[in-house]
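> Below is start-v4.pdb; it holds PDB, C-alpha atoms.
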ATOM      1  CA  MET I  52      92.190 100.454  89.666
ATOM      2  CA  GLN I  53      89.608  99.662  86.975
ATOM      3  CA  LYS I  54      91.303  96.348  86.159
ATOM      4  CA  ALA I  55      91.371  95.427  89.850
ATOM      5  CA  PHE I  56      87.636  96.175  90.082
ATOM      6  CA  TYR I  57      86.909  93.851  87.152
ATOM      7  CA  ILE I  58      88.990  91.088  88.742
ATOM      8  CA  ILE I  59      87.055  91.393  92.020
ATOM      9  CA  ILE I  60      83.724  91.236  90.155
ATOM     10  CA  LEU I  61      84.899  88.131  88.301
ATOM     11  CA  GLN I  62      85.927  86.450  91.545
ATOM     12  CA  LEU I  63      82.601  87.218  93.207
ATOM     13  CA  SER I  64      80.642  85.913  90.213
ATOM     14  CA  VAL I  65      82.572  82.661  90.344
ATOM     15  CA  LEU I  66      81.971  82.291  94.069
ATOM     16  CA  ILE I  67      78.252  82.999  93.820
ATOM     17  CA  GLY I  68      77.724  80.797  90.796
ATOM     18  CA  SER I  69      79.382  77.673  92.193
ATOM     19  CA  PRO I  70      78.178  76.242  95.532
ATOM     20  CA  THR I  71      81.094  73.799  95.864
ATOM     21  CA  ILE I  72      84.550  75.048  95.048
ATOM     22  CA  HIS I  73      87.745  73.057  95.367
ATOM     23  CA  PRO I  74      90.060  74.496  98.062
ATOM     24  CA  MET I  75      92.789  74.983  95.454
ATOM     25  CA  VAL I  76      90.494  77.248  93.421
ATOM     26  CA  LYS I  77      89.615  79.184  96.554
ATOM     27  CA  SER I  78      93.296  79.817  97.247
ATOM     28  CA  ILE I  79      93.893  80.938  93.679
ATOM     29  CA  LEU I  80      91.038  83.418  94.033
ATOM     30  CA  ILE I  81      91.933  84.558  97.556
ATOM     31  CA  PRO I  82      95.313  83.358  98.865
ATOM     32  CA  GLY I  83      94.955  81.613 102.214
ATOM     33  CA  TRP I  84      91.261  80.776 101.841
ATOM     34  CA  GLY I  85      91.839  77.145 100.828
ATOM     35  CA  GLU I  86      94.429  76.635 103.577
ATOM     36  CA  ALA I  87      91.951  77.962 106.151
ATOM     37  CA  GLU I  88      89.265  75.559 104.944
ATOM     38  CA  LEU I  89      91.680  72.639 105.342
ATOM     39  CA  GLY I  90      92.507  73.713 108.905
ATOM     40  CA  HIS I  91      96.005  75.089 108.268
ATOM     41  CA  GLN I  92      95.507  78.446 109.938
ATOM     42  CA  LYS I  93      99.180  79.391 110.151
ATOM     43  CA  LYS I  94      99.718  78.913 106.416
ATOM     44  CA  SER I  95      96.439  80.686 105.744
ATOM     45  CA  ARG I  96      97.509  83.748 107.718
ATOM     46  CA  PHE I  97     100.860  83.824 105.908
ATOM     47  CA  PHE I  98      99.292  83.977 102.442
ATOM     48  CA  PHE I  99      96.520  86.340 103.531
ATOM     49  CA  HIS I 100      98.961  88.771 105.152
ATOM     50  CA  SER I 101     101.264  88.550 102.136
ATOM     51  CA  GLU I 102      98.349  89.430  99.891
ATOM     52  CA  ALA I 103      97.330  92.369 102.061
ATOM     53  CA  ILE I 104     100.889  93.752 102.109
ATOM     54  CA  LEU I 105     101.353  93.295  98.353
ATOM     55  CA  VAL I 106      98.018  94.886  97.423
ATOM     56  CA  THR I 107      98.573  97.824  99.787
ATOM     57  CA  SER I 108     102.094  98.356  98.444
ATOM     58  CA  CYS I 109     100.881  98.170  94.849
ATOM     59  CA  LEU I 110      98.097 100.690  95.367
ATOM     60  CA  SER I 111     100.470 103.009  97.244
ATOM     61  CA  ALA I 112     103.063 102.834  94.457
ATOM     62  CA  TYR I 113     100.480 103.684  91.793
ATOM     63  CA  LYS I 114      99.038 106.475  93.920
ATOM     64  CA  MET I 115     102.449 108.030  94.531
ATOM     65  CA  ALA I 116     103.358 107.645  90.846
ATOM     66  CA  ARG I 117     100.221 109.583  89.914
ATOM     67  CA  VAL I 118     101.024 112.300  92.469
ATOM     68  CA  LYS I 119     104.564 112.607  91.079
ATOM     69  CA  GLU I 120     103.186 112.695  87.536
ATOM     70  CA  ASN I 121     100.903 115.607  88.412
ATOM     71  CA  GLU I 122     103.854 117.372  90.058
ATOM     72  CA  TYR I 123     106.222 117.086  87.116
ATOM     73  CA  SER I 124     103.553 117.991  84.542
ATOM     74  CA  ALA I 125     102.658 121.107  86.550
ATOM     75  CA  TYR I 126     106.353 121.943  86.896
ATOM     76  CA  ALA I 127     106.893 121.604  83.133
ATOM     77  CA  ASN I 128     103.850 123.729  82.437
ATOM     78  CA  GLU I 129     105.072 126.462  84.762
ATOM     79  CA  HIS I 130     108.704 126.588  83.627
ATOM     80  CA  ALA I 131     108.510 125.402  80.008
ATOM     81  CA  GLY I 132     104.927 126.008  78.912
ATOM     82  CA  ALA I 133     104.363 122.292  78.295
ATOM     83  CA  LYS I 134     100.838 121.020  77.739
ATOM     84  CA  LYS I 135      99.485 118.076  79.704
ATOM     85  CA  ILE I 136      98.963 115.158  77.338
ATOM     86  CA  SER I 137      98.867 111.412  77.921
ATOM     87  CA  ASP I 138     101.744 110.474  75.590
ATOM     88  CA  HIS I 139     104.589 109.421  77.892
ATOM     89  CA  ARG I 140     107.162 109.926  75.118
ATOM     90  CA  TYR I 141     106.302 113.633  75.143
ATOM     91  CA  TRP I 142     107.452 113.963  78.743
ATOM     92  CA  VAL I 143     110.609 111.979  78.053
ATOM     93  CA  ASP I 144     111.510 114.329  75.200
ATOM     94  CA  ILE I 145     110.763 117.400  77.313
ATOM     95  CA  GLY I 146     113.356 116.171  79.799
ATOM     96  CA  ASN I 147     115.925 115.547  77.057
ATOM     97  CA  TYR I 148     115.624 118.759  75.002
ATOM     98  CA  ILE I 149     115.635 122.409  75.969
ATOM     99  CA  SER I 150     112.772 123.041  73.523
ATOM    100  CA  ASN I 151     110.726 121.381  70.817
ATOM    101  CA  HIS I 152     112.855 123.290  68.255
ATOM    102  CA  ALA I 153     115.987 121.641  69.652
ATOM    103  CA  PHE I 154     114.173 118.328  69.341
ATOM    104  CA  ASP I 155     113.337 119.090  65.671
ATOM    105  CA  GLU I 156     116.899 120.158  64.840
ATOM    106  CA  GLU I 157     118.417 116.951  66.179
ATOM    107  CA  HIS I 158     115.936 114.706  64.414
ATOM    108  CA  LEU I 159     116.431 116.602  61.158
ATOM    109  CA  ARG I 160     120.119 115.721  61.414
ATOM    110  CA  MET I 161     119.185 112.110  62.210
ATOM    111  CA  ARG I 162     116.703 112.042  59.288
ATOM    112  CA  ASP I 163     114.294 109.764  61.134
ATOM    113  CA  GLY I 164     111.164 111.733  60.251
ATOM    114  CA  LYS I 165     110.320 112.679  63.839
ATOM    115  CA  GLU I 166     110.849 116.424  63.394
ATOM    116  CA  GLY I 167     107.686 118.434  63.980
ATOM    117  CA  GLN I 168     106.191 115.636  66.106
ATOM    118  CA  TRP I 169     105.487 118.008  68.995
ATOM    119  CA  SER I 170     104.793 121.187  67.013
ATOM    120  CA  SER I 171     101.263 121.306  68.463
ATOM    121  CA  TYR I 172     102.629 121.001  72.025
ATOM    122  CA  PRO I 173     105.664 123.319  72.146
ATOM    123  CA  TRP I 174     107.891 123.855  75.168
ATOM    124  CA  TYR I 175     110.917 125.934  76.074
ATOM    125  CA  TRP I 176     112.876 125.742  79.328
ATOM    126  CA  GLU I 177     113.347 129.418  80.209
ATOM    127  CA  GLY I 178     115.436 128.461  83.216
ATOM    128  CA  GLY I 179     117.815 126.434  81.079
ATOM    129  CA  ASP I 180     119.230 123.060  81.997
ATOM    130  CA  THR I 181     118.776 123.597  85.730
ATOM    131  CA  PHE I 182     114.978 123.411  85.506
ATOM    132  CA  ARG I 183     115.071 120.795  82.788
ATOM    133  CA  LYS I 184     117.301 118.462  84.790
ATOM    134  CA  ARG I 185     115.163 118.883  87.888
ATOM    135  CA  PHE I 186     112.089 118.019  85.828
ATOM    136  CA  GLU I 187     113.863 114.950  84.451
ATOM    137  CA  ARG I 188     114.594 113.705  87.975
ATOM    138  CA  MET I 189     110.936 114.182  88.934
ATOM    139  CA  ARG I 190     109.754 112.231  85.892
ATOM    140  CA  ILE I 191     112.202 109.386  86.516
ATOM    141  CA  ASP I 192     111.047 109.141  90.149
ATOM    142  CA  SER I 193     107.450 108.832  88.945
ATOM    143  CA  ASP I 194     108.397 106.171  86.399
ATOM    144  CA  LYS I 195     110.259 104.184  89.054
ATOM    145  CA  LEU I 196     107.152 104.147  91.249
ATOM    146  CA  LEU I 197     105.034 103.062  88.294
ATOM    147  CA  PHE I 198     107.469 100.255  87.502
ATOM    148  CA  THR I 199     107.432  99.216  91.165
ATOM    149  CA  GLY I 200     103.636  98.953  91.051
ATOM    150  CA  LYS I 201     103.808  96.750  87.943
ATOM    151  CA  PHE I 202     106.479  94.585  89.574
ATOM    152  CA  ILE I 203     104.324  94.121  92.685
ATOM    153  CA  ILE I 204     101.412  93.008  90.487
ATOM    154  CA  GLY I 205     103.657  90.139  89.407
ATOM    155  CA  GLY I 206     104.200  89.334  93.079
ATOM    156  CA  ILE I 207     100.438  89.323  93.697
ATOM    157  CA  ILE I 208      99.869  86.903  90.821
ATOM    158  CA  LEU I 209     102.681  84.684  92.102
ATOM    159  CA  ASN I 210     101.180  84.718  95.608
ATOM    160  CA  HIS I 211      97.865  83.441  94.190
ATOM    161  CA  ILE I 212      99.595  80.680  92.219
ATOM    162  CA  VAL I 213     101.799  79.530  95.112
ATOM    163  CA  SER I 214      98.838  79.484  97.503
ATOM    164  CA  GLY I 215      96.859  77.387  95.012
ATOM    165  CA  ILE I 216      99.723  74.911  94.592
ATOM    166  CA  ASN I 217     100.228  74.752  98.355
ATOM    167  CA  THR I 218      96.525  74.059  98.912
ATOM    168  CA  LEU I 219      96.547  71.317  96.279
ATOM    169  CA  TYR I 220      99.494  69.735  98.077
ATOM    170  CA  LEU I 221      97.715  69.947 101.437
ATOM    171  CA  THR I 222      94.561  68.482  99.900
ATOM    172  CA  ARG I 223      96.447  65.476  98.615
ATOM    173  CA  ILE I 224      98.091  64.952 102.004
ATOM    174  CA  ASN I 225      94.703  65.057 103.725
ATOM    175  CA  ASN I 226      93.251  62.619 101.200
ATOM    176  CA  GLU I 227      96.243  60.295 101.226
ATOM    177  CA  LYS I 228      95.098  56.634 100.992
ATOM    178  CA  SER I 229      95.945  54.385 103.922
ATOM    179  CA  TYR I 230      97.120  50.893 103.158
ATOM    180  CA  SER I 231      98.433  47.767 104.844
ATOM    181  CA  PHE I 232     100.907  45.300 103.387
ATOM    182  CA  SER I 233     101.369  41.829 104.865
ATOM    183  CA  PRO I 234     103.071  38.684 103.550
ATOM    184  CA  LYS I 235     101.484  35.253 103.895
ATOM    185  CA  VAL I 236     102.960  31.778 103.617
ATOM    186  CA  GLU I 237     100.839  28.784 102.676
ATOM    187  CA  PHE I 238     102.151  25.235 102.919
ATOM    188  CA  HIS I 239     100.858  22.637 100.521
ATOM    189  CA  ARG I 240     101.653  18.997 100.174
ATOM    190  CA  ASP I 241     104.123  19.464  97.355
ATOM    191  CA  ASN I 242     105.063  23.144  97.512
ATOM    192  CA  ILE I 243     105.099  26.336  99.485
ATOM    193  CA  ARG I 244     103.331  29.482  98.284
ATOM    194  CA  TYR I 245     104.295  32.975  99.296
ATOM    195  CA  LEU I 246     101.401  35.437  99.174
ATOM    196  CA  PHE I 247     101.380  39.171  99.685
ATOM    197  CA  SER I 248      98.233  40.915 100.855
ATOM    198  CA  LEU I 249      97.758  44.605 100.027
ATOM    199  CA  GLU I 250      94.749  46.353 101.532
ATOM    200  CA  LEU I 251      93.836  49.914 100.515
ATOM    201  CA  ASP I 252      91.503  52.177 102.457
ATOM    202  CA  ILE I 253      89.760  54.197  99.750
TER
END
Rewrite the coordinates I just gave you, this time as structure tokens.


Amino acid sequence: MQKAFYIIILQLSVLIGSPTIHPMVKSILIPGWGEAELGHQKKSRFFFHSEAILVTSCLSAYKMARVKENEYSAYANEHAGAKKISDHRYWVDIGNYISNHAFDEEHLRMRDGKEGQWSSYPWYWEGGDTFRKRFERMRIDSDKLLFTGKFIIGGIILNHIVSGINTLYLTRINNEKSYSFSPKVEFHRDNIRYLFSLELDI
């Protein structure tokens, strides 16, 4: 949300600071804006509606991911005594090990130096694997929603780029130079000359 706020501020500063903006730039900032200025209302509505759907879907995915995150962290706290910290790896390990001691034992065997990593944030699934596996499903659901939100951000960026390219194309069509091409024949005493006349309307 904070990044989106900064992007909006940047867009507004650009708009206020420049009195004349090329339609392509307008479409890159707000998809459909450049098309509307060029009189292509149908294309403008398509990009604008696409943007609205993508942004709404992205915000919804992030919101639901946060709700799911709060649910699984509360569940782990209730059934395993887990502490709420921001390190995502912590929650992954909680779903993979019955306790932090089980985590330490495995990593001692692996000799990777990770034993004791979560000694300050211990957990133990009193309900056994049943609660642990349910928690793991909750965490995966939250991660899927978070990934979906990130994927939609890519779609939003692509929508801006495609709208800008489309507007540039429409601009060039509208500004296409008209021309006329006509051959001429001139007869002289000793020869004949063929002339070609090219007139450009620029």

> So what do you get for CA of Trp169 in chain I versus CA of Lys114 in chain I, distance-wise?

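Computing it gives 28.2 Å between the two atoms.
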
> Let me know the residues the PyMOL selection byres ((chain I and resi 108) around 12) catches in the file above, as a PyMOL selection string.

chain I and resi 101-107+109-115+196-197+199-204+206-207

> Residues of range 71-130 of chain I that approach range 139-146 of chain I to 10 Å or less, counting all atoms listed in the file: could you list each one with the shortest pair of atoms and its distance in Å to one decimal, rows by chain and increasing residue number, as a Markdown table?


| residue | atom | partner | partner_atom | distance |
| --- | --- | --- | --- | --- |
| I:Glu120 | CA | I:Trp142 | CA | 9.9 |
| I:Tyr123 | CA | I:Trp142 | CA | 9.0 |
| I:Ser124 | CA | I:Trp142 | CA | 8.1 |
| I:Ala127 | CA | I:Ile145 | CA | 8.2 |

> So, with all atoms listed in the file as the atoms that count, which of I:Leu89, I:Ile149, I:Ala125, I:Val76 lies closest to Gly178 in chain I?

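The closest residue to Gly178 in chain I is I:Ile149.
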
> Point out the residue among I:Ser214, I:Asn121, I:Asn147, I:Ser193 with the least atom-to-atom distance to Leu80 in chain I, counting all atoms listed in the file.

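So, comparing all the options, the nearest one is I:Ser214.
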
> What is the CA of Phe198 in chain I to CA of Phe186 in chain I distance in Å?

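According to the coordinates, CA of Phe198 in chain I and CA of Phe186 in chain I are separated by 18.4 Å.
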
> Measuring between all atoms listed in the file, which one of I:Val118, I:Ile79, I:Ala153, I:Ile72 shows the shortest distance to Trp174 in chain I?

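When distances to Trp174 in chain I are compared using all atoms listed in the file, the smallest one comes from I:Ala153.
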
> Just to confirm, what's the straight-line distance from CA of Ser170 in chain I to CA of Lys134 in chain I in Å (one decimal)?

11.4 Å

> Within 10 Å of Leu219 in chain I, counting only C-alpha atoms, which residues qualify if same-chain residues fewer than 2 places away don't, as number ranges by chain?

I: 73-76, 78, 85-86, 213-217, 221-225

> With all atoms listed in the file as the basis for distance, which of I:Lys195, I:His211, I:His152, I:His130 is at the shortest distance from Arg183 in chain I?

I:His130

> For Lys135 in chain I, which of I:Trp84, I:Lys165, I:Glu157, I:Pro173 is the closest residue, counting all atoms listed in the file?

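Closest to Lys135 in chain I of all the choices is I:Pro173.
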
> Out of I:Glu122, I:Glu88, I:Asp194, I:Glu129, which residue has the shortest atom-to-atom distance to Glu177 in chain I when counting all atoms listed in the file?

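Smallest distance to Glu177 in chain I is found for I:Glu129.
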